[in-house]
Structures are given as structure tokens and as C-alpha cells.
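One file, coords_30.csv, carrying CSV, C-alpha atoms (C1' of nucleotides):
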chain,number,residue,atom,x,y,z
Q,1,MET,CA,4.1,-6.0,14.5
Q,2,ASP,CA,2.2,-7.7,11.7
Q,3,LYS,CA,-1.1,-7.0,13.5
Q,4,LEU,CA,-0.2,-3.4,13.7
Q,5,THR,CA,0.8,-3.1,10.1
Q,6,ALA,CA,-2.4,-4.8,9.1
Q,7,ILE,CA,-4.4,-2.2,11.0
Q,8,PHE,CA,-2.5,0.6,9.4
Q,9,LYS,CA,-2.8,-0.9,6.0
Q,10,ALA,CA,-6.5,-1.3,6.5
Q,11,LEU,CA,-6.7,2.4,7.3
Q,12,SER,CA,-4.4,3.6,4.6
Q,13,ASP,CA,-6.9,3.5,1.8
Q,14,ARG,CA,-9.2,6.5,1.3
Q,15,ASN,CA,-12.3,4.4,0.6
Q,16,ARG,CA,-11.8,2.3,3.7
Q,17,LEU,CA,-11.4,5.4,5.8
Q,18,ARG,CA,-14.7,6.6,4.4
Q,19,ILE,CA,-16.2,3.3,5.5
Q,20,VAL,CA,-14.8,3.7,9.0
Q,21,SER,CA,-16.1,7.2,9.1
Q,22,ALA,CA,-19.5,6.1,8.0
Q,23,LEU,CA,-19.6,3.4,10.6
Q,24,LEU,CA,-18.5,5.8,13.3
Q,25,LYS,CA,-21.6,7.9,12.6
Q,26,HIS,CA,-24.2,5.3,11.9
Q,27,ASP,CA,-23.2,2.5,14.2
Q,28,GLU,CA,-24.4,-0.2,11.8
Q,29,LEU,CA,-24.6,-0.2,8.0
Q,30,CYS,CA,-25.3,-2.9,5.5
Q,31,ALA,CA,-23.1,-3.7,2.5
Q,32,CYS,CA,-25.5,-2.2,-0.1
Q,33,GLN,CA,-25.5,1.1,1.8
Q,34,LEU,CA,-21.7,1.3,1.9
Q,35,THR,CA,-21.6,0.3,-1.8
Q,36,GLU,CA,-23.9,3.2,-2.5
Q,37,LEU,CA,-21.8,5.6,-0.5
Q,38,LEU,CA,-18.6,4.7,-2.2
Q,39,GLN,CA,-20.1,4.3,-5.7
Q,40,VAL,CA,-18.1,1.2,-6.4
Q,41,THR,CA,-19.2,-2.4,-7.3
Q,42,GLY,CA,-20.4,-4.7,-4.6
Q,43,ALA,CA,-17.3,-6.8,-5.2
Q,44,THR,CA,-15.0,-3.9,-4.4
Q,45,ALA,CA,-16.9,-2.9,-1.3
Q,46,SER,CA,-16.9,-6.5,-0.2
Q,47,ARG,CA,-13.1,-6.7,-0.5
Q,48,HIS,CA,-12.7,-3.6,1.5
Q,49,MET,CA,-14.9,-4.9,4.2
Q,50,GLY,CA,-12.9,-8.1,4.2
Q,51,ILE,CA,-9.7,-6.1,4.8
Q,52,LEU,CA,-11.2,-4.1,7.6
Q,53,ILE,CA,-12.6,-7.2,9.3
Q,54,SER,CA,-9.4,-9.2,9.1
Q,55,SER,CA,-7.6,-6.2,10.6
Q,56,GLY,CA,-9.9,-6.5,13.6
Q,57,LEU,CA,-11.3,-3.0,13.3
Q,58,VAL,CA,-14.8,-4.1,12.0
Q,59,ASP,CA,-17.3,-6.8,12.8
Q,60,SER,CA,-19.9,-8.2,10.6
Q,61,ARG,CA,-23.3,-9.8,11.3
Q,62,LYS,CA,-25.4,-11.6,8.8
Q,63,ASP,CA,-29.2,-11.2,8.8
Q,64,GLY,CA,-30.9,-13.0,6.0
Q,65,ARG,CA,-29.6,-11.9,2.7
Q,66,TRP,CA,-28.0,-8.8,4.3
Q,67,VAL,CA,-24.7,-8.3,6.0
Q,68,TYR,CA,-24.3,-5.6,8.5
Q,69,TYR,CA,-21.0,-4.1,9.6
Q,70,ARG,CA,-20.0,-2.1,12.7
Q,71,ILE,CA,-16.9,-0.8,14.3
Q,72,ARG,CA,-15.5,-3.3,16.8
Q,73,ARG,CA,-15.4,-1.2,20.0
Q,74,LYS,CA,-15.0,-3.7,22.7
Q,75,GLN,CA,-11.3,-4.2,22.1
Q,76,ALA,CA,-9.7,-1.8,24.6
Q,77,ASP,CA,-6.6,-1.8,22.5
Q,78,SER,CA,-7.9,-0.2,19.3
Q,79,ASP,CA,-10.4,1.9,21.1
Q,80,VAL,CA,-7.9,4.7,21.6
Q,81,LEU,CA,-7.0,4.6,18.0
Q,82,ILE,CA,-10.6,4.6,16.9
Q,83,LYS,CA,-11.3,7.6,19.0
Q,84,TRP,CA,-8.3,9.4,17.6
Q,85,ILE,CA,-9.4,8.8,14.1
Q,86,GLU,CA,-12.9,10.0,15.0
Q,87,THR,CA,-11.4,13.3,16.2
Q,88,GLN,CA,-9.3,13.7,13.1
Q,89,LEU,CA,-12.2,12.9,10.7
Q,90,SER,CA,-14.6,15.2,12.6
Q,91,ARG,CA,-12.9,18.3,10.9
Q,92,ASP,CA,-12.7,16.8,7.5
Q,93,PRO,CA,-14.8,18.4,4.7
Q,94,ASP,CA,-14.9,15.1,2.6
Q,95,VAL,CA,-16.3,13.3,5.6
Q,96,ALA,CA,-19.0,16.0,6.0
Q,97,LEU,CA,-20.1,15.5,2.4
Q,98,ASP,CA,-20.3,11.7,3.0
Q,99,ALA,CA,-22.3,12.4,6.1
Q,100,ILE,CA,-25.0,14.2,4.0
Q,101,LYS,CA,-25.0,11.5,1.4
Q,102,LEU,CA,-25.3,8.9,4.1
Q,103,ASP,CA,-28.3,10.5,5.6
Q,104,GLU,CA,-30.0,10.2,2.3
Q,105,ILE,CA,-28.9,6.6,1.9
Q,106,THR,CA,-30.2,5.6,5.3
Q,107,SER,CA,-33.4,7.5,4.8
Q,108,CYS,CA,-34.8,4.4,3.1
Q,109,GLU,CA,-34.5,0.7,4.1
Q,110,PRO,CA,-31.8,-1.4,2.6
Q,111,GLU,CA,-34.4,-3.4,0.6
Q,112,GLU,CA,-35.5,-0.3,-1.2
Q,113,LEU,CA,-31.9,0.8,-1.7
Q,114,CYS,CA,-31.1,-2.5,-3.3
Q,115,ARG,CA,-34.0,-2.1,-5.7
Q,116,LYS,CA,-32.7,1.3,-6.6
Q,117,GLN,CA,-29.3,-0.2,-7.2
Q,118,ARG,CA,-30.8,-2.6,-9.7
Q,119,GLY,CA,-32.0,0.5,-11.6
Q,120,GLU,CA,-35.6,0.5,-10.4
Q,121,LYS,CA,-37.1,3.7,-9.1
Q,122,CYS,CA,-37.9,3.6,-5.4
Q,123,CYS,CA,-36.7,5.8,-2.6
Q,124,PRO,CA,-35.6,9.4,-3.2
Q,125,ILE,CA,-31.8,9.2,-3.5
Q,126,PRO,CA,-30.9,12.1,-5.7
Q,127,ALA,CA,-28.5,11.4,-8.6
Q,128,HIS,CA,-25.1,12.8,-8.0
C,129,MET,CA,-8.5,12.9,4.7
C,130,ASP,CA,-5.4,12.7,2.5
C,131,LYS,CA,-3.3,13.8,5.4
C,132,LEU,CA,-4.7,10.9,7.4
C,133,THR,CA,-4.2,8.3,4.7
C,134,ALA,CA,-0.7,9.6,4.3
C,135,ILE,CA,0.0,9.0,8.0
C,136,PHE,CA,-1.5,5.5,7.9
C,137,LYS,CA,0.4,4.7,4.6
C,138,ALA,CA,3.6,5.8,6.3
C,139,LEU,CA,2.9,3.5,9.2
C,140,SER,CA,1.7,0.5,7.2
C,141,ASP,CA,5.1,-0.7,6.2
C,142,ARG,CA,7.0,-3.0,8.6
C,143,ASN,CA,10.4,-1.3,8.1
C,144,ARG,CA,8.9,2.1,8.7
C,145,LEU,CA,7.3,0.9,11.9
C,146,ARG,CA,10.7,-0.4,12.9
C,147,ILE,CA,12.1,3.0,12.3
C,148,VAL,CA,9.4,4.7,14.3
C,149,SER,CA,10.0,2.2,17.1
C,150,ALA,CA,13.7,2.9,17.0
C,151,LEU,CA,13.1,6.7,17.2
C,152,LEU,CA,10.7,6.2,20.1
C,153,LYS,CA,13.5,4.6,22.1
C,154,HIS,CA,16.5,6.6,21.0
C,155,ASP,CA,15.1,10.1,20.5
C,156,GLU,CA,17.5,10.9,17.7
C,157,LEU,CA,19.2,8.6,15.2
C,158,CYS,CA,21.2,9.3,12.0
C,159,ALA,CA,20.6,7.8,8.6
C,160,CYS,CA,23.5,5.3,8.8
C,161,GLN,CA,22.2,3.9,12.1
C,162,LEU,CA,18.8,3.3,10.7
C,163,THR,CA,20.3,1.8,7.6
C,164,GLU,CA,22.3,-0.5,9.8
C,165,LEU,CA,19.3,-1.5,11.8
C,166,LEU,CA,17.1,-2.4,8.8
C,167,GLN,CA,19.9,-3.9,6.8
C,168,VAL,CA,18.8,-2.2,3.6
C,169,THR,CA,20.7,0.1,1.2
C,170,GLY,CA,21.1,3.8,2.1
C,171,ALA,CA,18.8,4.6,-0.8
C,172,THR,CA,16.0,2.5,0.6
C,173,ALA,CA,16.4,3.9,4.1
C,174,SER,CA,16.4,7.4,2.7
C,175,ARG,CA,13.1,6.7,0.8
C,176,HIS,CA,11.5,5.4,3.9
C,177,MET,CA,12.6,8.5,5.8
C,178,GLY,CA,11.2,10.7,3.1
C,179,ILE,CA,7.8,9.0,3.4
C,180,LEU,CA,7.8,9.4,7.2
C,181,ILE,CA,8.8,13.0,7.0
C,182,SER,CA,6.2,14.0,4.4
C,183,SER,CA,3.6,12.3,6.5
C,184,GLY,CA,4.5,14.7,9.3
C,185,LEU,CA,5.5,12.0,11.8
C,186,VAL,CA,9.2,12.6,11.7
C,187,ASP,CA,11.6,15.6,11.5
C,188,SER,CA,15.1,15.7,10.2
C,189,ARG,CA,18.0,17.9,11.0
C,190,LYS,CA,21.2,18.1,9.1
C,191,ASP,CA,24.5,18.3,10.9
C,192,GLY,CA,27.5,18.4,8.5
C,193,ARG,CA,27.5,15.2,6.4
C,194,TRP,CA,25.0,13.5,8.7
C,195,VAL,CA,21.2,13.7,8.9
C,196,TYR,CA,19.5,13.1,12.1
C,197,TYR,CA,15.9,12.0,12.5
C,198,ARG,CA,13.4,12.2,15.4
C,199,ILE,CA,9.7,11.8,16.1
C,200,ARG,CA,7.8,15.0,15.7
C,201,ARG,CA,6.2,15.3,19.1
C,202,LYS,CA,5.2,18.9,19.3
C,203,GLN,CA,2.1,18.3,17.1
C,204,ALA,CA,-0.6,17.7,19.7
C,205,ASP,CA,-2.6,16.0,16.9
C,206,SER,CA,-0.4,13.0,16.3
C,207,ASP,CA,0.9,12.8,19.8
C,208,VAL,CA,-2.0,10.6,20.9
C,209,LEU,CA,-1.4,8.4,17.9
C,210,ILE,CA,2.3,8.2,18.6
C,211,LYS,CA,1.6,7.2,22.2
C,212,TRP,CA,-0.8,4.5,21.2
C,213,ILE,CA,1.7,3.1,18.8
C,214,GLU,CA,4.3,3.2,21.5
C,215,THR,CA,2.1,1.1,23.8
C,216,GLN,CA,1.3,-1.4,21.0
C,217,LEU,CA,5.0,-1.8,20.2
C,218,SER,CA,6.1,-2.1,23.7
C,219,ARG,CA,4.8,-5.7,23.8
C,220,ASP,CA,6.3,-6.7,20.5
C,221,PRO,CA,9.0,-9.3,20.4
C,222,ASP,CA,10.4,-8.1,17.0
C,223,VAL,CA,10.7,-4.6,18.5
C,224,ALA,CA,12.6,-6.1,21.5
C,225,LEU,CA,15.1,-7.7,19.1
C,226,ASP,CA,15.6,-4.4,17.3
C,227,ALA,CA,16.1,-2.7,20.7
C,228,ILE,CA,19.1,-5.0,21.4
C,229,LYS,CA,20.6,-4.5,18.0
C,230,LEU,CA,20.1,-0.7,18.3
C,231,ASP,CA,22.0,-0.6,21.6
C,232,GLU,CA,24.9,-2.2,19.8
C,233,ILE,CA,24.6,0.2,16.9
C,234,THR,CA,24.5,3.2,19.1
C,235,SER,CA,27.4,2.0,21.2
C,236,CYS,CA,29.7,3.5,18.6
C,237,GLU,CA,29.6,7.0,17.0
C,238,PRO,CA,28.0,7.3,13.6
C,239,GLU,CA,31.4,8.0,12.0
C,240,GLU,CA,32.7,4.7,13.2
C,241,LEU,CA,29.5,3.0,12.0
C,242,CYS,CA,29.9,4.4,8.5
C,243,ARG,CA,33.4,3.1,8.3
C,244,LYS,CA,32.1,-0.3,9.3
C,245,GLN,CA,29.5,-0.1,6.6
C,246,ARG,CA,32.2,0.5,4.0
C,247,GLY,CA,33.6,-2.8,5.1
C,248,GLU,CA,36.4,-1.6,7.3
C,249,LYS,CA,36.8,-3.0,10.7
C,250,CYS,CA,36.1,-0.6,13.5
C,251,CYS,CA,33.6,-0.8,16.3
C,252,PRO,CA,32.3,-4.1,17.7
C,253,ILE,CA,29.0,-4.7,15.9
C,254,PRO,CA,28.5,-8.5,15.8
C,255,ALA,CA,27.6,-10.0,12.5
C,256,HIS,CA,24.0,-11.2,12.4
S,257,DA,C1',-38.1,-27.3,-6.6
S,258,DC,C1',-36.9,-23.2,-8.9
S,259,DA,C1',-36.0,-18.4,-9.9
S,260,DT,C1',-34.3,-14.2,-7.7
S,261,DT,C1',-30.9,-11.7,-5.4
S,262,DA,C1',-27.3,-9.9,-1.6
S,263,DG,C1',-22.8,-10.7,-1.0
S,264,DT,C1',-18.2,-13.2,-1.8
S,265,DT,C1',-14.6,-15.2,-4.6
S,266,DA,C1',-11.7,-15.7,-8.8
S,267,DG,C1',-9.3,-13.8,-12.5
S,268,DA,C1',-7.7,-9.9,-15.3
S,269,DC,C1',-5.5,-5.4,-15.6
S,270,DA,C1',-3.6,-0.9,-14.4
S,271,DC,C1',-1.2,1.4,-10.9
S,272,DT,C1',1.5,1.7,-6.7
S,273,DT,C1',5.2,0.3,-3.7
S,274,DG,C1',9.6,-1.5,-1.7
S,275,DG,C1',13.8,-2.9,-3.0
S,276,DC,C1',18.1,-2.6,-5.7
S,277,DT,C1',22.0,-0.2,-8.5
S,278,DA,C1',23.8,3.9,-10.4
S,279,DA,C1',24.1,8.7,-10.9
S,280,DC,C1',23.9,13.0,-8.4
S,281,DT,C1',24.4,16.6,-4.5
S,282,DA,C1',26.6,18.6,-0.8
S,283,DT,C1',29.7,18.6,3.0
S,284,DG,C1',34.3,18.0,5.0
S,285,DC,C1',39.2,17.6,4.6
S,286,DA,C1',43.9,17.5,2.5
Y,287,DT,C1',40.9,23.0,-5.7
Y,288,DG,C1',40.0,18.5,-5.8
Y,289,DC,C1',39.0,13.9,-3.5
Y,290,DA,C1',36.3,11.2,-0.4
Y,291,DT,C1',31.9,10.3,1.5
Y,292,DA,C1',26.8,10.6,3.7
Y,293,DG,C1',22.6,11.0,1.9
Y,294,DT,C1',19.1,11.8,-2.0
Y,295,DT,C1',17.2,11.1,-6.6
Y,296,DA,C1',16.3,8.5,-10.9
Y,297,DG,C1',15.4,4.4,-13.2
Y,298,DC,C1',14.4,-0.3,-13.1
Y,299,DC,C1',11.9,-4.6,-11.7
Y,300,DA,C1',9.1,-7.8,-8.9
Y,301,DA,C1',5.4,-8.0,-5.8
Y,302,DG,C1',1.2,-6.0,-3.9
Y,303,DT,C1',-3.2,-3.3,-4.3
Y,304,DG,C1',-7.7,-1.4,-6.0
Y,305,DT,C1',-10.9,-1.8,-9.4
Y,306,DC,C1',-13.7,-4.2,-12.6
Y,307,DT,C1',-16.5,-8.3,-14.7
Y,308,DA,C1',-18.0,-12.9,-14.3
Y,309,DA,C1',-18.8,-16.9,-11.8
Y,310,DC,C1',-20.3,-18.7,-7.5
Y,311,DT,C1',-22.7,-19.2,-2.7
Y,312,DA,C1',-26.4,-18.7,0.3
Y,313,DA,C1',-30.8,-17.0,1.6
Y,314,DT,C1',-35.8,-15.7,0.1
Y,315,DG,C1',-40.1,-16.4,-1.7
Y,316,DT,C1',-43.3,-18.2,-5.1
Translate this structure into C-alpha cells?
Amino acid sequence: MDKLTAIFKALSDRNRLRIVSALLKHDELCACQLTELLQVTGATASRHMGILISSGLVDSRKDGRWVYYRIRRKQADSDVLIKWIETQLSRDPDVALDAIKLDEITSCEPEELCRKQRGEKCCPIPAH
Amino acid sequence: MDKLTAIFKALSDRNRLRIVSALLKHDELCACQLTELLQVTGATASRHMGILISSGLVDSRKDGRWVYYRIRRKQADSDVLIKWIETQLSRDPDVALDAIKLDEITSCEPEELCRKQRGEKCCPIPAH
DNA sequence: ACATTAGTTAGACACTTGGCTAACTATGCA
DNA sequence: TGCATAGTTAGCCAAGTGTCTAACTAATGT
């Protein structure tokens, strides 16, 4: 039962649902991209990712300085749940807005995005 | 998205999951039976029920002094979710313990149970 | 080696949540 | 009409959560 409550706790936060929704669309995203999407500090995003990972819903992969996240789909158990969430989110207007923003974010490489987050001009992410 | 987070918040508490699991097995249960199962005050149980109802997962029906609750199944949306939860809970040892206790609780009428909760001797619910 | 930097961990703080008791509401019965 | 009682609401408190800043870790590149 604890495993189940952990999954639901992980999904019960708006920003974490936004992360899940982003990963459902983009398959793999790095920390800085998710940070940019949510407009929170890296520390906050990292904590959210930690919660999603320990619930078993998300996997991470380190590549150099970057960490990439993706939905854990191999687990037959949670796959039904993930699919249900996907259906629910597909009609959500907030998710649609995030999708647009995500397309902008992923239009440049993470490296450029990180430069932008340090305040340097680089790739064309419009200010919101 | 708020509707979805409300559903997951509702499900992210251990006692509320126990309530859901009880209602999956017994179709309809009254407040005093759920109070007895969780071993919390009536006020606490009532708050949990309120959260489950406003998430849309549970319906209530008043019958005289008693209020009966049941899983809201007509909603095609959440039906898949409910079924998934049912599957997950079916292998859970804590749920199995609750099931035994519930059989004892439902073996007497709510009216008798309420007398018992006031400290009067009535139907044979063993002390735990 | 050393400086730079992407991400995590620690600590602080405001807000939320789960539990309780006590007061309240509403239904049934004498 | 008035008492008893099942359930809800209000108010309180301890514990948990989401966010931030600051310190830390690990990887890159000069």
C-alpha cells in the first residue's frame, strides 16, 4: 500500500504532473529543460524529479554534466496508469500551453538553454 | 489538471486508500463502519469522505440518520483508474487484513455497531 | 591542477494536511 | 416538543510539503 500511496503522492502535485505530461510528449528531457518549463529553481526541479524517481514512475540517465529523465514504461504495472493519465491530460488546456512552451525549449540544445538560464543571450526562447 | 491532482491527492493518503479498498469490496458502507475500520474519530472519517467525494471518486447517500458511501462507477473516465487500483490492492497484505476486519464489522447492522462505538456491549466485534 | 558549471543536498520558512476535541446540524423517537 | 444521536464543521496542533538560497558534488575543459 505504501508503494501505491507513493505513486499517488508523486502525482498529486501540479508541477510534477506537468513534468510527467512533458515526458509523455518528449520521451526524454534533461533537468535544465524541465527547470525552464516549470520556471522554478534547479533545486526545486531536482527535488520533484527525486520524488518521481523514487515512486518508480520515472527513470534517469546521466550523460556528462547532464541528467536525462524519461517515463518508466517497461513496468507493466504502472503502464495502465500512465496511459490513463495520458488520456486525461490530452484534453487539458494547461498541458496544451506547456506543450507549446516545450517545443520552444527543445528547439535549442540543452547546452544553449543552460547558457540562457545563466542570463546570456543564446537561443530564441521568448520571454513570458 | 486541477481535477486530476484532486483525484491523486485524494488517493495519496493511506487511510483514504483503505476506504476505497473497503468500498471496492463492500459496494456500500456507512460512516460508522468506515470509522470502525480506520479506528479514527467520526470527525476524521467524515473529513476523509469529504475529500473523496469532492474528488469525484465516491458518492454518498443519506438514509435517515445514516450516510452511506459507494465508489462512483458510472463515470467512464475514472473507471479505468478504479480498476487499476483494484488490481494493485488485490495483492496487498494490509488490504487483506482490512478485509477480515470488515467482514466482522459488517456482520452486524450499523445500528448495533454505533451502540458498540458508544461503549455498550452488543455485536461480537473482537477487540484489536 | 584549477576554474566553471549542471545537478543534488541541507537548512529555513510559509503553507498544507491529518488528527484530535468541541460545537453544531439534522434526523428519529418518546 | 424535547432528548438522544449520526454525521459535519470549526478550531487547534504537530507533522509533512513546496519553495527558496546557499553549500556541496561531479563532470568538463583550459
List the neighbours of DA301 (chain Y) out to 12 Å using all atoms listed in the file; skip same-chain residues closer than 2 positions along the sequence, and give me the result as a PyMOL selection string. (chain S and resi 272-275) or (chain Y and resi 299+303)
Requested write-out: C-alpha atoms (C1' of nucleotides) of the selected residues, as a tab-separated table (two decimals), keeping the file's coordinate frame:
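Here's the written file result-v7.tsv:
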chain	number	residue	atom	x	y	z
S	272	DT	C1'	1.50	1.70	-6.70
S	273	DT	C1'	5.20	0.30	-3.70
S	274	DG	C1'	9.60	-1.50	-1.70
S	275	DG	C1'	13.80	-2.90	-3.00
Y	299	DC	C1'	11.90	-4.60	-11.70
Y	303	DT	C1'	-3.20	-3.30	-4.30
Using all atoms listed in the file, which residues sit within 12 Å of DC271 (chain S) once same-chain residues fewer than 6 positions away are excluded, as a PyMOL selection string? chain Y and resi 302-305
Between CA of Gly64 (chain Q) and C1' of DA257 (chain S) - distance in Å to one decimal: 20.4 Å
Show me, as an mmCIF file with C-alpha atoms (C1' of nucleotides), in the coordinates of the input, the residues that have an atom within 12 Å of DA296 (chain Y) when counting only C-alpha atoms (C1' of nucleotides), minus same-chain residues fewer than 2 positions from it.
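Saved file part36.cif follows:
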data_model
loop_
_atom_site.group_PDB
_atom_site.id
_atom_site.type_symbol
_atom_site.label_atom_id
_atom_site.label_comp_id
_atom_site.auth_asym_id
_atom_site.auth_seq_id
_atom_site.Cartn_x
_atom_site.Cartn_y
_atom_site.Cartn_z
ATOM 1 C CA ALA C 171 18.800 4.600 -0.800
ATOM 2 C "C1'" DT S 277 22.000 -0.200 -8.500
ATOM 3 C "C1'" DA S 278 23.800 3.900 -10.400
ATOM 4 C "C1'" DA S 279 24.100 8.700 -10.900
ATOM 5 C "C1'" DC S 280 23.900 13.000 -8.400
ATOM 6 C "C1'" DT Y 294 19.100 11.800 -2.000
ATOM 7 C "C1'" DC Y 298 14.400 -0.300 -13.100
#
Please identify all polymer residues within 10 Å of Trp66 (chain Q), counting only C-alpha atoms (C1' of nucleotides), omitting same-chain residues fewer than 5 positions from it, and present them as a list of chain:residue names. Q:Leu29, Q:Cys30, Q:Ala31, Q:Cys32, Q:Arg61, Q:Pro110, Q:Glu111, S:DA262, S:DG263, Y:DA313
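Counting from CA of Lys62 (chain Q), the distance to CA of His48 (chain Q) is 16.7 Å.
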Mind listing as an MDAnalysis selection string which residues of chain S are within 12 Å of chain Q, counting only C-alpha atoms (C1' of nucleotides)? chainID S and resid 260:266
Those residues with C-alpha atoms (C1' of nucleotides), as an mmCIF file, keeping the file's coordinate frame please?
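File produced: selection34.cif:
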data_model
loop_
_atom_site.group_PDB
_atom_site.id
_atom_site.type_symbol
_atom_site.label_atom_id
_atom_site.label_comp_id
_atom_site.auth_asym_id
_atom_site.auth_seq_id
_atom_site.Cartn_x
_atom_site.Cartn_y
_atom_site.Cartn_z
ATOM 1 C "C1'" DT S 260 -34.300 -14.200 -7.700
ATOM 2 C "C1'" DT S 261 -30.900 -11.700 -5.400
ATOM 3 C "C1'" DA S 262 -27.300 -9.900 -1.600
ATOM 4 C "C1'" DG S 263 -22.800 -10.700 -1.000
ATOM 5 C "C1'" DT S 264 -18.200 -13.200 -1.800
ATOM 6 C "C1'" DT S 265 -14.600 -15.200 -4.600
ATOM 7 C "C1'" DA S 266 -11.700 -15.700 -8.800
#
After least-squares alignment of chain C to chain Q over all Cα atoms in order, what RMSD do you get?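 C-alpha RMSD after least-squares superposition: 0.1 Å.
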Calculate how many Å separate CA of Tyr196 (chain C) from CA of Ala138 (chain C), rounding to one decimal.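 We find that CA of Tyr196 (chain C) and CA of Ala138 (chain C) lie 18.4 Å from each other.
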Dump as a PDB file with C-alpha atoms (C1' of nucleotides), keeping the file's coordinate frame all residues having an atom at most 12 Å from (-16.7, -5.2, -13.6), computed in the file's coordinates with only C-alpha atoms (C1' of nucleotides).
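That gives us out-v2.pdb:
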ATOM      1  CA  VAL Q  40     -18.100   1.200  -6.400  1.00  0.00           C
ATOM      2  CA  THR Q  41     -19.200  -2.400  -7.300  1.00  0.00           C
ATOM      3  CA  GLY Q  42     -20.400  -4.700  -4.600  1.00  0.00           C
ATOM      4  CA  ALA Q  43     -17.300  -6.800  -5.200  1.00  0.00           C
ATOM      5  CA  THR Q  44     -15.000  -3.900  -4.400  1.00  0.00           C
TER       6      THR Q  44
ATOM      7  C1'  DG S 267      -9.300 -13.800 -12.500  1.00  0.00           C
ATOM      8  C1'  DA S 268      -7.700  -9.900 -15.300  1.00  0.00           C
ATOM      9  C1'  DC S 269      -5.500  -5.400 -15.600  1.00  0.00           C
TER      10       DC S 269
ATOM     11  C1'  DT Y 305     -10.900  -1.800  -9.400  1.00  0.00           C
ATOM     12  C1'  DC Y 306     -13.700  -4.200 -12.600  1.00  0.00           C
ATOM     13  C1'  DT Y 307     -16.500  -8.300 -14.700  1.00  0.00           C
ATOM     14  C1'  DA Y 308     -18.000 -12.900 -14.300  1.00  0.00           C
TER      15       DA Y 308
END
Would you give me, as CSV, each residue of chain Q having an atom within 9 Å of an atom of chain C, along with its shortest atom pair and that distance in Å to one decimal, using all atoms listed in the file and sorting by chain and residue number?
residue,atom,partner,partner_atom,distance
Q:Met1,CA,C:Asp220,CA,6.4
Q:Asp2,CA,C:Arg142,CA,7.4
Q:Leu4,CA,C:Gln216,CA,7.7
Q:Thr5,CA,C:Ser140,CA,4.7
Q:Ala6,CA,C:Ser140,CA,7.0
Q:Ile7,CA,C:Ser140,CA,7.7
Q:Phe8,CA,C:Ser140,CA,4.7
Q:Lys9,CA,C:Ser140,CA,4.9
Q:Ala10,CA,C:Ser140,CA,8.4
Q:Leu11,CA,C:Phe136,CA,6.1
Q:Ser12,CA,C:Thr133,CA,4.7
Q:Asp13,CA,C:Thr133,CA,6.2
Q:Arg14,CA,C:Thr133,CA,6.3
Q:Leu17,CA,C:Thr133,CA,7.8
Q:Arg18,CA,C:Met129,CA,8.8
Q:Asp77,CA,C:Gln216,CA,8.1
Q:Ser78,CA,C:Trp212,CA,8.7
Q:Val80,CA,C:Trp212,CA,7.1
Q:Leu81,CA,C:Leu209,CA,6.8
Q:Trp84,CA,C:Leu209,CA,7.0
Q:Ile85,CA,C:Leu132,CA,8.4
Q:Gln88,CA,C:Leu132,CA,7.8
Q:Leu89,CA,C:Met129,CA,7.0
Q:Asp92,CA,C:Met129,CA,6.4
Q:Pro93,CA,C:Met129,CA,8.4
Q:Asp94,CA,C:Met129,CA,7.1
Q:Val95,CA,C:Met129,CA,7.9
Do you have, as CSV, the list of residues of chain Y lying at most 12 Å from chain C, each with its nearest atom pair and that distance in Å to one decimal, counting only C-alpha atoms (C1' of nucleotides) and ordered by chain then number?
residue,atom,partner,partner_atom,distance
Y:DA290,C1',C:Arg193,CA,11.8
Y:DT291,C1',C:Arg193,CA,8.2
Y:DA292,C1',C:Arg193,CA,5.4
Y:DG293,C1',C:Ser174,CA,7.2
Y:DT294,C1',C:Ser174,CA,7.0
Y:DT295,C1',C:Ala171,CA,8.9
Y:DA296,C1',C:Ala171,CA,11.1
Could you name the residues that touch Arg72 (chain Q) at 9 Å or less, counting all atoms listed in the file, but leaving out those on the same chain fewer than 2 positions away, as a PyMOL selection string? chain Q and resi 53+56-59+70+74-75+78-79
